[in-house]
$ cat coords23.txt   # compact mmCIF, C-alpha atoms and all ligand atoms
# COMPACT_ATOMS: atom_id res chain seq x y z
CA MET A 482 9.70 -12.54 -44.87
CA SER A 483 9.52 -9.35 -42.83
CA HIS A 484 12.76 -7.49 -42.16
CA VAL A 485 11.25 -5.91 -39.04
CA MET A 486 12.45 -7.57 -35.84
CA ASN A 487 9.96 -9.94 -34.39
CA THR A 488 9.13 -8.17 -31.13
CA TYR A 489 5.33 -7.87 -31.45
CA ALA A 490 2.53 -10.41 -31.90
CA ARG A 491 0.78 -8.27 -34.52
CA LEU A 492 -2.80 -8.65 -35.63
CA PRO A 493 -3.26 -9.13 -39.39
CA VAL A 494 -4.54 -5.64 -40.20
CA ALA A 495 -2.87 -2.42 -41.42
CA PHE A 496 -4.41 1.05 -41.44
CA SER A 497 -4.23 3.66 -44.14
CA HIS A 498 -5.96 6.67 -42.59
CA GLY A 499 -8.28 7.87 -39.88
CA GLU A 500 -10.76 10.56 -38.97
CA GLY A 501 -12.05 11.22 -35.47
CA VAL A 502 -12.51 7.90 -33.66
CA TRP A 503 -12.55 6.00 -36.96
CA LEU A 504 -9.73 4.17 -38.73
CA TRP A 505 -9.77 2.60 -42.21
CA ASP A 506 -7.67 -0.42 -43.09
CA THR A 507 -5.89 -0.90 -46.40
CA GLU A 508 -8.89 -2.90 -47.71
CA GLY A 509 -11.27 -0.03 -46.96
CA LYS A 510 -12.92 -1.57 -43.88
CA ARG A 511 -13.83 0.94 -41.15
CA TYR A 512 -13.08 0.44 -37.43
CA LEU A 513 -14.12 2.25 -34.27
CA ASP A 514 -10.82 2.94 -32.55
CA ALA A 515 -11.31 2.32 -28.83
CA LEU A 516 -7.58 1.85 -28.28
CA SER A 517 -6.10 5.14 -29.60
CA GLY A 518 -2.73 3.53 -30.34
CA ILE A 519 -2.70 2.58 -26.62
CA ALA A 520 -3.91 5.83 -25.03
CA VAL A 521 -1.96 8.03 -27.44
CA ASN A 522 -4.35 9.58 -29.99
CA THR A 523 -6.34 11.51 -27.38
CA LEU A 524 -7.81 13.85 -30.01
CA GLY A 525 -8.56 10.98 -32.37
CA HIS A 526 -7.21 10.95 -35.90
CA ALA A 527 -6.72 13.95 -38.19
CA HIS A 528 -8.19 16.40 -35.67
CA PRO A 529 -8.56 19.63 -37.70
CA ARG A 530 -7.09 22.12 -35.22
CA PHE A 531 -4.31 19.78 -34.14
CA THR A 532 -3.41 18.88 -37.74
CA ALA A 533 -3.31 22.54 -38.79
CA THR A 534 -1.01 23.46 -35.89
CA LEU A 535 1.36 20.59 -36.67
CA SER A 536 1.41 21.30 -40.41
CA GLY A 537 2.28 24.92 -39.67
CA GLN A 538 5.11 23.87 -37.37
CA VAL A 539 6.48 21.36 -39.90
CA GLY A 540 6.74 24.21 -42.40
CA ARG A 541 8.59 26.43 -39.92
CA LEU A 542 10.92 24.33 -37.78
CA ILE A 543 10.99 20.65 -36.82
CA HIS A 544 14.22 20.31 -34.92
CA CYS A 545 17.11 22.41 -33.75
CA SER A 546 19.11 21.35 -30.70
CA ASN A 547 19.00 21.73 -26.96
CA ILE A 548 22.26 23.62 -27.42
CA TYR A 549 19.92 26.54 -28.18
CA GLN A 550 16.86 28.10 -26.63
CA VAL A 551 13.72 26.27 -27.76
CA ARG A 552 10.72 28.56 -27.54
CA GLU A 553 8.04 25.85 -27.96
CA GLN A 554 9.69 23.88 -25.15
CA GLU A 555 9.54 26.88 -22.81
CA LEU A 556 5.87 27.41 -23.64
CA LEU A 557 4.93 23.77 -23.08
CA ALA A 558 6.95 23.62 -19.84
CA ASP A 559 5.14 26.75 -18.57
CA LYS A 560 1.80 25.26 -19.47
CA LEU A 561 2.42 21.81 -17.93
CA CYS A 562 3.94 23.23 -14.75
CA SER A 563 1.06 25.60 -14.13
CA LEU A 564 -1.44 22.80 -14.76
CA ALA A 565 0.40 20.22 -12.66
CA ASN A 566 1.48 22.53 -9.85
CA MET A 567 5.12 21.66 -10.51
CA GLN A 568 8.06 23.90 -11.38
CA GLU A 569 10.34 22.27 -13.96
CA VAL A 570 10.22 19.78 -16.83
CA PHE A 571 12.76 17.62 -18.65
CA PHE A 572 11.57 16.65 -22.14
CA CYS A 573 12.33 13.37 -23.89
CA ASN A 574 10.60 11.19 -26.48
CA SER A 575 8.77 8.37 -24.74
CA GLY A 576 7.40 6.98 -21.52
CA CYS A 577 10.40 4.84 -20.63
CA GLU A 578 12.71 7.80 -21.16
CA ALA A 579 10.54 9.96 -18.93
CA ASN A 580 10.83 7.30 -16.22
CA GLU A 581 14.59 7.01 -16.83
CA ALA A 582 14.82 10.75 -16.21
CA ALA A 583 12.73 10.38 -13.04
CA ILE A 584 14.93 7.56 -11.73
CA LYS A 585 18.11 9.50 -12.50
CA LEU A 586 16.71 12.68 -10.92
CA ALA A 587 15.72 10.82 -7.75
CA ARG A 588 19.14 9.20 -7.44
CA ARG A 589 20.91 12.49 -8.05
CA TYR A 590 18.75 14.37 -5.56
CA SER A 591 19.29 11.76 -2.89
CA HIS A 592 23.00 11.43 -3.65
CA ASP A 593 23.62 15.16 -3.41
CA LYS A 594 21.61 15.55 -0.22
CA TYR A 595 22.36 12.33 1.67
CA GLY A 596 25.46 10.79 0.10
CA ALA A 597 26.21 7.72 -1.99
CA GLY A 598 24.41 4.96 -0.07
CA ARG A 599 20.86 6.20 -0.43
CA TYR A 600 19.76 5.20 -3.91
CA GLU A 601 17.07 2.56 -3.61
CA ILE A 602 13.72 2.85 -5.36
CA VAL A 603 10.61 0.99 -4.29
CA THR A 604 8.15 0.10 -7.05
CA MET A 605 4.99 -1.98 -7.23
CA LYS A 606 4.39 -5.58 -8.21
CA ASN A 607 2.44 -5.81 -11.45
CA SER A 608 3.58 -2.32 -12.49
CA PHE A 609 4.78 -1.21 -15.90
CA HIS A 610 7.34 1.53 -16.47
CA GLY A 611 8.90 0.78 -19.85
CA ARG A 612 11.43 -1.37 -21.71
CA THR A 613 14.86 0.17 -21.16
CA MET A 614 17.16 -1.61 -18.69
CA ALA A 615 16.33 0.75 -15.81
CA THR A 616 12.62 0.72 -16.53
CA ILE A 617 12.32 -3.06 -16.92
CA THR A 618 14.07 -3.21 -13.55
CA ALA A 619 11.50 -0.77 -12.15
CA THR A 620 8.69 -2.82 -13.70
CA GLY A 621 7.43 -5.35 -11.18
CA GLN A 622 6.80 -8.14 -13.68
CA GLU A 623 9.19 -10.99 -14.28
CA LYS A 624 8.03 -11.54 -17.83
CA VAL A 625 9.58 -8.26 -19.04
CA GLN A 626 12.83 -8.86 -17.12
CA LYS A 627 13.47 -12.50 -17.93
CA GLY A 628 16.68 -13.14 -19.87
CA TYR A 629 17.99 -9.58 -19.48
CA GLU A 630 19.74 -10.08 -16.15
CA PRO A 631 21.73 -8.67 -14.49
CA LEU A 632 19.18 -5.95 -13.78
CA LEU A 633 19.98 -2.56 -12.23
CA PRO A 634 20.79 -2.76 -8.50
CA GLY A 635 18.66 -0.98 -5.92
CA PHE A 636 15.05 -1.80 -6.73
CA HIS A 637 12.49 -3.35 -4.38
CA TYR A 638 8.96 -4.47 -5.17
CA VAL A 639 5.91 -4.38 -2.95
CA ALA A 640 2.24 -5.20 -3.42
CA PHE A 641 0.11 -2.36 -4.83
CA ASN A 642 -2.34 -0.75 -2.39
CA ASN A 643 -0.60 -2.33 0.62
CA VAL A 644 0.82 0.30 2.94
CA GLU A 645 2.26 -2.15 5.51
CA GLU A 646 4.49 -3.79 2.92
CA LEU A 647 5.58 -0.40 1.69
CA GLU A 648 6.46 0.81 5.18
CA GLN A 649 8.66 -2.25 5.64
CA ALA A 650 10.41 -1.79 2.31
CA VAL A 651 11.30 1.87 2.92
CA THR A 652 14.62 2.10 4.78
CA ASP A 653 17.30 4.74 5.26
CA LYS A 654 18.61 3.68 1.85
CA THR A 655 15.39 4.56 0.03
CA ALA A 656 15.48 7.52 -2.34
CA ALA A 657 12.05 7.25 -3.96
CA ILE A 658 8.80 5.39 -4.44
CA LEU A 659 7.55 5.01 -8.01
CA LEU A 660 3.97 4.01 -8.82
CA GLU A 661 1.20 4.36 -11.36
CA PRO A 662 -2.00 5.94 -9.96
CA ILE A 663 -3.76 3.37 -12.12
CA GLN A 664 -1.81 0.31 -13.18
CA GLY A 665 -2.59 0.28 -16.90
CA GLU A 666 -0.62 -2.55 -18.50
CA GLY A 667 -0.98 -4.46 -15.22
CA GLY A 668 -4.74 -4.80 -15.75
CA VAL A 669 -6.36 -1.42 -14.88
CA HIS A 670 -6.04 -1.39 -11.09
CA VAL A 671 -6.81 1.95 -9.41
CA ALA A 672 -4.83 3.11 -6.35
CA ASP A 673 -6.96 3.62 -3.22
CA ARG A 674 -7.22 7.23 -2.08
CA GLU A 675 -6.53 6.30 1.53
CA TYR A 676 -3.47 4.27 0.51
CA LEU A 677 -2.05 7.16 -1.51
CA LYS A 678 -2.58 9.52 1.40
CA GLN A 679 -0.55 7.21 3.63
CA VAL A 680 2.14 6.83 0.97
CA ARG A 681 2.37 10.61 0.68
CA ALA A 682 2.69 10.98 4.46
CA LEU A 683 5.40 8.31 4.60
CA CYS A 684 7.34 10.02 1.80
CA THR A 685 7.09 13.45 3.40
CA LYS A 686 8.18 12.12 6.78
CA LYS A 687 11.28 10.38 5.40
CA ASP A 688 12.11 12.81 2.57
CA VAL A 689 11.60 9.95 0.14
CA LEU A 690 10.46 11.23 -3.26
CA LEU A 691 7.00 10.25 -4.42
CA MET A 692 7.07 9.64 -8.18
CA PHE A 693 3.90 9.08 -10.18
CA ASP A 694 4.14 7.42 -13.56
CA GLU A 695 1.25 9.12 -15.36
CA VAL A 696 2.50 8.07 -18.78
CA GLN A 697 -0.83 6.33 -19.43
CA THR A 698 -3.14 8.10 -16.97
CA GLY A 699 -2.05 11.67 -17.74
CA MET A 700 -3.41 14.28 -20.18
CA GLY A 701 -7.11 13.84 -19.51
CA ARG A 702 -7.31 10.08 -19.83
CA THR A 703 -8.99 9.65 -16.43
CA GLY A 704 -11.33 12.65 -16.64
CA THR A 705 -8.96 15.11 -14.98
CA LEU A 706 -5.79 16.31 -16.62
CA PHE A 707 -3.73 14.14 -14.26
CA ALA A 708 -5.10 11.18 -12.32
CA TYR A 709 -3.53 12.35 -9.08
CA GLU A 710 -5.91 15.33 -9.00
CA GLN A 711 -8.79 12.93 -8.36
CA LEU A 712 -6.83 10.77 -5.97
CA GLY A 713 -6.05 13.66 -3.65
CA VAL A 714 -2.26 13.40 -3.49
CA GLN A 715 0.46 15.51 -5.08
CA PRO A 716 3.66 13.76 -6.21
CA ASP A 717 7.19 15.25 -6.18
CA ILE A 718 7.97 13.91 -9.64
CA MET A 719 5.51 12.99 -12.39
CA THR A 720 6.12 11.46 -15.80
CA LEU A 721 3.99 11.88 -18.91
CA ALA A 722 4.16 10.57 -22.46
CA LYS A 723 1.45 8.61 -24.29
CA GLY A 724 -1.30 11.23 -24.67
CA LEU A 725 0.96 14.27 -24.36
CA GLY A 726 1.74 14.68 -28.06
CA GLY A 727 -1.55 13.36 -29.45
CA GLY A 728 0.49 10.91 -31.56
CA MET A 729 3.77 12.81 -31.81
CA PRO A 730 6.46 11.08 -29.73
CA ILE A 731 7.16 13.14 -26.62
CA GLY A 732 7.81 12.35 -22.97
CA ALA A 733 8.14 14.63 -19.96
CA CYS A 734 9.49 14.35 -16.44
CA LEU A 735 8.07 17.07 -14.20
CA ALA A 736 9.37 17.89 -10.73
CA ILE A 737 8.86 20.29 -7.88
CA ASP A 738 11.48 23.01 -7.58
CA SER A 739 13.59 21.59 -4.74
CA VAL A 740 13.97 18.26 -6.54
CA ALA A 741 14.51 19.67 -10.04
CA GLN A 742 17.54 21.61 -8.70
CA ALA A 743 19.44 18.31 -8.56
CA PHE A 744 19.89 18.53 -12.35
CA SER A 745 22.33 21.05 -13.80
CA PRO A 746 23.89 21.47 -17.27
CA GLY A 747 25.38 18.10 -18.26
CA SER A 748 23.33 16.02 -15.76
CA HIS A 749 21.00 14.63 -18.36
CA ALA A 750 20.21 15.19 -22.04
CA SER A 751 18.39 14.03 -25.15
CA THR A 752 19.08 14.91 -28.79
CA PHE A 753 15.45 14.90 -29.90
CA GLY A 754 13.88 15.63 -26.51
CA GLY A 755 11.47 18.54 -26.57
CA ASN A 756 12.04 19.52 -30.18
CA PRO A 757 9.82 22.28 -31.64
CA LEU A 758 7.51 19.87 -33.48
CA ALA A 759 6.90 17.59 -30.50
CA CYS A 760 6.35 20.56 -28.18
CA ALA A 761 4.01 22.28 -30.63
CA ALA A 762 2.01 19.03 -30.60
CA GLY A 763 1.96 19.02 -26.79
CA LEU A 764 0.83 22.64 -26.70
CA ALA A 765 -1.92 21.96 -29.24
CA VAL A 766 -3.13 18.98 -27.19
CA CYS A 767 -3.27 21.15 -24.03
CA ARG A 768 -5.18 23.88 -25.86
CA VAL A 769 -7.76 21.56 -27.37
CA LEU A 770 -8.23 19.70 -24.08
CA LEU A 771 -8.75 22.86 -22.05
CA GLU A 772 -10.00 25.63 -24.35
CA GLY A 773 -11.80 23.21 -26.63
CA GLN A 774 -13.61 21.68 -23.65
CA VAL A 775 -12.47 18.17 -24.62
CA LEU A 776 -11.44 17.46 -21.02
CA ASP A 777 -14.96 18.19 -19.72
CA HIS A 778 -16.39 16.08 -22.51
CA ALA A 779 -14.01 13.21 -21.65
CA ARG A 780 -15.09 13.31 -18.01
CA ARG A 781 -18.76 13.01 -18.98
CA MET A 782 -18.06 10.28 -21.52
CA GLY A 783 -15.97 8.40 -18.94
CA GLU A 784 -18.90 8.38 -16.53
CA TYR A 785 -21.29 7.31 -19.25
CA PHE A 786 -18.98 4.52 -20.39
CA ALA A 787 -18.30 3.24 -16.85
CA LYS A 788 -22.07 3.11 -16.22
CA GLY A 789 -22.57 1.21 -19.49
CA LEU A 790 -19.88 -1.29 -18.55
CA SER A 791 -21.48 -1.82 -15.12
CA ASP A 792 -24.83 -2.49 -16.81
CA CYS A 793 -23.04 -4.92 -19.08
CA GLN A 794 -21.58 -6.65 -16.00
CA GLU A 795 -25.07 -7.02 -14.52
CA ARG A 796 -26.39 -8.64 -17.69
CA HIS A 797 -23.43 -10.91 -18.45
CA ARG A 798 -21.95 -13.32 -15.95
CA VAL A 799 -18.74 -13.52 -17.95
CA VAL A 800 -17.92 -9.96 -16.80
CA ARG A 801 -16.43 -10.30 -13.33
CA GLU A 802 -15.38 -6.76 -12.57
CA VAL A 803 -15.30 -3.26 -14.06
CA ARG A 804 -12.38 -1.03 -13.06
CA GLY A 805 -11.02 2.36 -14.05
CA LEU A 806 -11.41 6.11 -14.09
CA GLY A 807 -12.63 8.31 -16.93
CA LEU A 808 -11.80 6.89 -20.33
CA LEU A 809 -9.32 4.38 -18.96
CA GLN A 810 -11.58 1.42 -18.26
CA GLY A 811 -10.95 -2.28 -17.90
CA ILE A 812 -13.15 -5.31 -17.45
CA GLU A 813 -12.06 -8.57 -15.93
CA LEU A 814 -13.55 -11.58 -17.69
CA ASP A 815 -14.27 -15.18 -16.95
CA MET A 816 -12.91 -16.02 -20.39
CA GLU A 817 -9.82 -15.35 -22.46
CA GLY A 818 -9.56 -11.68 -23.39
CA LYS A 819 -7.97 -12.31 -26.75
CA VAL A 820 -11.07 -14.12 -27.99
CA VAL A 821 -13.11 -10.95 -27.42
CA VAL A 822 -10.38 -8.77 -28.96
CA ALA A 823 -10.49 -10.91 -32.12
CA GLU A 824 -14.32 -10.85 -32.22
CA CYS A 825 -14.27 -7.07 -31.85
CA LEU A 826 -11.73 -6.74 -34.65
CA ALA A 827 -13.93 -8.82 -36.95
CA ARG A 828 -16.88 -6.55 -36.06
CA GLY A 829 -14.91 -3.38 -36.71
CA ILE A 830 -13.90 -2.36 -33.19
CA LEU A 831 -10.36 -1.94 -31.90
CA ILE A 832 -9.62 -2.77 -28.26
CA ASN A 833 -6.86 -4.74 -26.56
CA GLY A 834 -6.25 -6.95 -23.59
CA THR A 835 -3.80 -6.73 -20.70
CA GLY A 836 -2.90 -10.03 -19.17
CA GLU A 837 -5.07 -13.00 -20.03
CA HIS A 838 -8.46 -11.97 -18.69
CA VAL A 839 -8.66 -8.17 -18.82
CA LEU A 840 -9.94 -6.03 -21.67
CA ARG A 841 -8.69 -2.45 -21.75
CA PHE A 842 -10.60 0.45 -23.28
CA VAL A 843 -8.72 3.69 -23.96
CA PRO A 844 -10.70 5.44 -26.74
CA PRO A 845 -9.90 8.94 -28.01
CA LEU A 846 -11.18 11.57 -25.56
CA ILE A 847 -13.42 12.97 -28.31
CA ILE A 848 -15.52 9.79 -28.45
CA THR A 849 -19.28 10.51 -28.37
CA GLN A 850 -22.24 8.80 -26.71
CA PRO A 851 -23.47 6.99 -29.89
CA GLU A 852 -19.95 5.68 -30.48
CA ILE A 853 -19.74 4.40 -26.90
CA ASP A 854 -23.17 2.77 -27.40
CA ARG A 855 -21.87 1.04 -30.47
CA LEU A 856 -18.91 -0.33 -28.53
CA LEU A 857 -21.18 -1.49 -25.67
CA ASP A 858 -23.65 -3.09 -28.12
CA THR A 859 -20.85 -5.00 -29.79
CA LEU A 860 -19.58 -6.28 -26.43
CA THR A 861 -23.14 -7.31 -25.52
CA GLN A 862 -23.47 -9.25 -28.78
CA ILE A 863 -20.17 -11.03 -28.19
CA PHE A 864 -20.96 -11.91 -24.56
CA SER A 865 -24.47 -13.12 -25.48
CA LYS A 866 -23.05 -15.34 -28.19
CA GLN A 867 -20.48 -16.63 -25.71
CA ALA A 868 -23.18 -17.52 -23.15
CA ALA A 869 -25.31 -19.31 -25.76
C1 LIG B 1 3.31 2.79 -21.93
C2 LIG B 1 3.85 3.05 -20.58
C3 LIG B 1 5.23 3.27 -20.38
C4 LIG B 1 6.25 3.14 -21.46
O1 LIG B 1 6.10 4.11 -22.45
P1 LIG B 1 6.94 3.96 -23.82
O2 LIG B 1 6.61 5.24 -24.55
O3 LIG B 1 6.46 2.74 -24.51
O4 LIG B 1 8.37 3.88 -23.45
C5 LIG B 1 5.63 3.58 -19.09
N1 LIG B 1 4.77 3.65 -18.08
C6 LIG B 1 3.45 3.44 -18.24
C7 LIG B 1 2.52 3.57 -17.08
C8 LIG B 1 2.94 3.13 -19.50
O5 LIG B 1 1.64 2.88 -19.66
$ encode --input "coords23.txt" --output "structure tokens"
Amino acid sequence: MSHVMNTYARLPVAFSHGEGVWLWDTEGKRYLDALSGIAVNTLGHAHPRFTATLSGQVGRLIHCSNIYQVREQELLADKLCSLANMQEVFFCNSGCEANEAAIKLARRYSHDKYGAGRYEIVTMKNSFHGRTMATITATGQEKVQKGYEPLLPGFHYVAFNNVEELEQAVTDKTAAILLEPIQGEGGVHVADREYLKQVRALCTKKDVLLMFDEVQTGMGRTGTLFAYEQLGVQPDIMTLAKGLGGGMPIGACLAIDSVAQAFSPGSHASTFGGNPLACAAGLAVCRVLLEGQVLDHARRMGEYFAKGLSDCQERHRVVREVRGLGLLQGIELDMEGKVVVAECLARGILINGTGEHVLRFVPPLIITQPEIDRLLDTLTQIFSKQAA
């Protein structure tokens, strides 16, 4: 009997090591990793430059405390702010914590500027923001909330990509709107550019903060460093996590100057948040993405992969729709997703499903054309067999 709490429906495979986009299980079988630990291992496994940087940092300093100056944190904050066109960062260890920080910052900002009654946050149906109490409340899906009531007061949910509903939900009690530029866990749904433009205008008009959860879409996943760059709208607060540390746990809540001022010493804190090792990992990821041209590569591979998936849709009736940006792609199927996930696993390919009918592909950003072809060929084989 396992002594690990039973919170995951785990597949019967364990990995011992990896290299690039490949993982080996404990029996020696090799897999093409098109999941990246759910959009985390952006540089794949055992990336030489990344590994060397981390090993060096482990030998120097892993953790001190936020009681002191943390040089690596300052460097990563400088880097992220200049890339994101924001001014300040709060570091934590995960996506839900980054969103917790965003929610707290929005409430504090609104409280200090407008008084105690203006604290509501509007989020989207079908969204995903994490598993803490505040972030399951923010998440517009009953299945993650069920049994944990009472939830946090002050959250409202509206349909994604529907500006009329949003306009009705925003009142003089609204502090912020929180949304994912692409709903990842919710089934890979991309926000419309026109919708986001209207959301931005609404927020600016009412001094309601626009908060983008880029925990999954950030750090090059969509072909630009942040998804919002392609969608033409700048948020006031943005959260990052998954790909930021290339596998090291780290989360970040970025904000524009006027909003970030709402936090002062004692407002918020984290023991581990932004420790030297995690920040060295974040810095190494930024360097490899930008100086190592991995971001440009990811954009090209994203286009190639999306085209391949569209071709696959044309050939196989079971594929109803292809959605996504860059190397965050999803396909909606006319069959159960988990059947295909299991078939892929048997054939040495790692992918996962979101919901019942959507397959999600989030490979390492270093994936190459032949490796994408292999993934597409495997899908073709599975769909052909299904049709027969
Ligand atoms: C994964 C995810 C989270 C939660 O991140 P954790 O690190 O698991 O807490 C939050 N928001 C989005 C959009 C995510 O994809």
$ residues_around --input "coords23.txt" --residues "Thr652 (chain A)" --least-positions-apart "6" --cutoff "12 Å" --atoms "only C-alpha atoms" --output "PyMOL selection string"
chain A and resi 598-603+635+637+646+658+683-684+687-689
$ write_last_selection --input "coords23.txt" --atoms "C-alpha atoms" --output "tab-separated table (two decimals), keeping the file's coordinate frame"
chain	number	residue	atom	x	y	z
A	598	GLY	CA	24.41	4.96	-0.07
A	599	ARG	CA	20.86	6.20	-0.43
A	600	TYR	CA	19.76	5.20	-3.91
A	601	GLU	CA	17.07	2.56	-3.61
A	602	ILE	CA	13.72	2.85	-5.36
A	603	VAL	CA	10.61	0.99	-4.29
A	635	GLY	CA	18.66	-0.98	-5.92
A	637	HIS	CA	12.49	-3.35	-4.38
A	646	GLU	CA	4.49	-3.79	2.92
A	658	ILE	CA	8.80	5.39	-4.44
A	683	LEU	CA	5.40	8.31	4.60
A	684	CYS	CA	7.34	10.02	1.80
A	687	LYS	CA	11.28	10.38	5.40
A	688	ASP	CA	12.11	12.81	2.57
A	689	VAL	CA	11.60	9.95	0.14
$ residues_around --input "coords23.txt" --residues "Ala527 (chain A)" --least-positions-apart "4" --cutoff "8 Å" --atoms "only C-alpha atoms" --output "list of chain:residue names"
A:Gly499, A:Glu500, A:Gly501, A:Phe531, A:Thr532
$ write_last_selection --input "coords23.txt" --atoms "C-alpha atoms" --output "compact mmCIF listing (two decimals), keeping the file's coordinate frame"
# COMPACT_ATOMS: atom_id res chain seq x y z
CA GLY A 499 -8.28 7.87 -39.88
CA GLU A 500 -10.76 10.56 -38.97
CA GLY A 501 -12.05 11.22 -35.47
CA PHE A 531 -4.31 19.78 -34.14
CA THR A 532 -3.41 18.88 -37.74
$ residues_around --input "coords23.txt" --residues "region 563-577 of chain A" --least-positions-apart "4" --cutoff "7 Å" --atoms "all atoms listed in the file" --output "list of chain:residue names"
A:Ala558, A:Asp559, A:Glu581, A:His610, A:Gly611, A:Arg612, A:Thr613, A:Thr616, A:Val696, A:Leu721, A:Ala722, A:Lys723, A:Pro730, A:Ile731, A:Gly732, A:Ala733, A:Cys734, A:Leu735, A:Ala736, A:Ile737, A:Asp738, A:Ala741, A:Ser751, A:Phe753, A:Gly754, A:Gly755
$ atom_distance --input "coords23.txt" --atom1 "CA of Met700 (chain A)" --atom2 "CA of Val714 (chain A)"
16.8 Å
$ atom_distance --input "coords23.txt" --atom1 "CA of Ala533 (chain A)" --atom2 "CA of Gly807 (chain A)"
27.7 Å
$ closest_residue --input "coords23.txt" --among "A:Ile519, A:Ile718, A:Val551, A:Cys545" --to "Ala579 (chain A)" --atoms "all atoms listed in the file"
A:Ile718
$ atom_distance --input "coords23.txt" --atom1 "CA of Ile847 (chain A)" --atom2 "CA of Leu725 (chain A)"
15.0 Å
$ closest_residue --input "coords23.txt" --among "A:Cys793, A:Leu690, A:Ala615, A:Leu647" --to "Val740 (chain A)" --atoms "only C-alpha atoms"
A:Leu690
$ closest_residue --input "coords23.txt" --among "A:Asp506, A:Asp514, A:Glu813, A:Glu772" --to "Ile832 (chain A)" --atoms "all atoms listed in the file"
A:Asp514
$ residues_around --input "coords23.txt" --residues "Arg681 (chain A)" --least-positions-apart "6" --cutoff "8 Å" --atoms "all atoms listed in the file" --output "compact mmCIF listing (two decimals) with C-alpha atoms, keeping the file's coordinate frame"
# COMPACT_ATOMS: atom_id res chain seq x y z
CA LEU A 691 7.00 10.25 -4.42
CA VAL A 714 -2.26 13.40 -3.49
CA GLN A 715 0.46 15.51 -5.08
CA PRO A 716 3.66 13.76 -6.21
$ axis_aligned_box --input "coords23.txt" --around "region 669-672 of chain A" --padding-each-side "5 Å" --output "AutoDock Vina command-line options"
--center_x -5.8 --center_y 0.8 --center_z -10.6 --size_x 12.0 --size_y 14.5 --size_z 18.5
$ closest_residue --input "coords23.txt" --among "A:Val843, A:Leu857, A:Val822, A:Met719" --to "Val502 (chain A)" --atoms "all atoms listed in the file"
A:Val843
$ closest_residue --input "coords23.txt" --among "A:Tyr595, A:Val769, A:Ala490, A:Tyr512" --to "Lys819 (chain A)" --atoms "all atoms listed in the file"
A:Ala490
$ closest_residue --input "coords23.txt" --among "A:Ala597, A:Leu814, A:Met729, A:Leu706" --to "Ala779 (chain A)" --atoms "all atoms listed in the file"
A:Leu706
$ residues_around --input "coords23.txt" --residues "Leu860 (chain A)" --least-positions-apart "3" --cutoff "12 Å" --atoms "only C-alpha atoms" --output "short mmCIF file (atom, residue, chain, number, x, y, z; two decimals) with C-alpha atoms, in the coordinates of the input"
data_model
loop_
_atom_site.label_atom_id
_atom_site.label_comp_id
_atom_site.auth_asym_id
_atom_site.auth_seq_id
_atom_site.Cartn_x
_atom_site.Cartn_y
_atom_site.Cartn_z
CA GLY A 789 -22.57 1.21 -19.49
CA LEU A 790 -19.88 -1.29 -18.55
CA ASP A 792 -24.83 -2.49 -16.81
CA CYS A 793 -23.04 -4.92 -19.08
CA GLN A 794 -21.58 -6.65 -16.00
CA ARG A 796 -26.39 -8.64 -17.69
CA HIS A 797 -23.43 -10.91 -18.45
CA VAL A 799 -18.74 -13.52 -17.95
CA VAL A 800 -17.92 -9.96 -16.80
CA ILE A 812 -13.15 -5.31 -17.45
CA LEU A 814 -13.55 -11.58 -17.69
CA GLY A 818 -9.56 -11.68 -23.39
CA VAL A 820 -11.07 -14.12 -27.99
CA VAL A 821 -13.11 -10.95 -27.42
CA VAL A 822 -10.38 -8.77 -28.96
CA ALA A 823 -10.49 -10.91 -32.12
CA GLU A 824 -14.32 -10.85 -32.22
CA CYS A 825 -14.27 -7.07 -31.85
CA LEU A 826 -11.73 -6.74 -34.65
CA ARG A 828 -16.88 -6.55 -36.06
CA GLY A 829 -14.91 -3.38 -36.71
CA ILE A 830 -13.90 -2.36 -33.19
CA LEU A 831 -10.36 -1.94 -31.90
CA ILE A 832 -9.62 -2.77 -28.26
CA LEU A 840 -9.94 -6.03 -21.67
CA PHE A 842 -10.60 0.45 -23.28
CA ILE A 853 -19.74 4.40 -26.90
CA ASP A 854 -23.17 2.77 -27.40
CA ARG A 855 -21.87 1.04 -30.47
CA LEU A 856 -18.91 -0.33 -28.53
CA LEU A 857 -21.18 -1.49 -25.67
CA ILE A 863 -20.17 -11.03 -28.19
CA PHE A 864 -20.96 -11.91 -24.56
CA SER A 865 -24.47 -13.12 -25.48
CA LYS A 866 -23.05 -15.34 -28.19
CA GLN A 867 -20.48 -16.63 -25.71
#
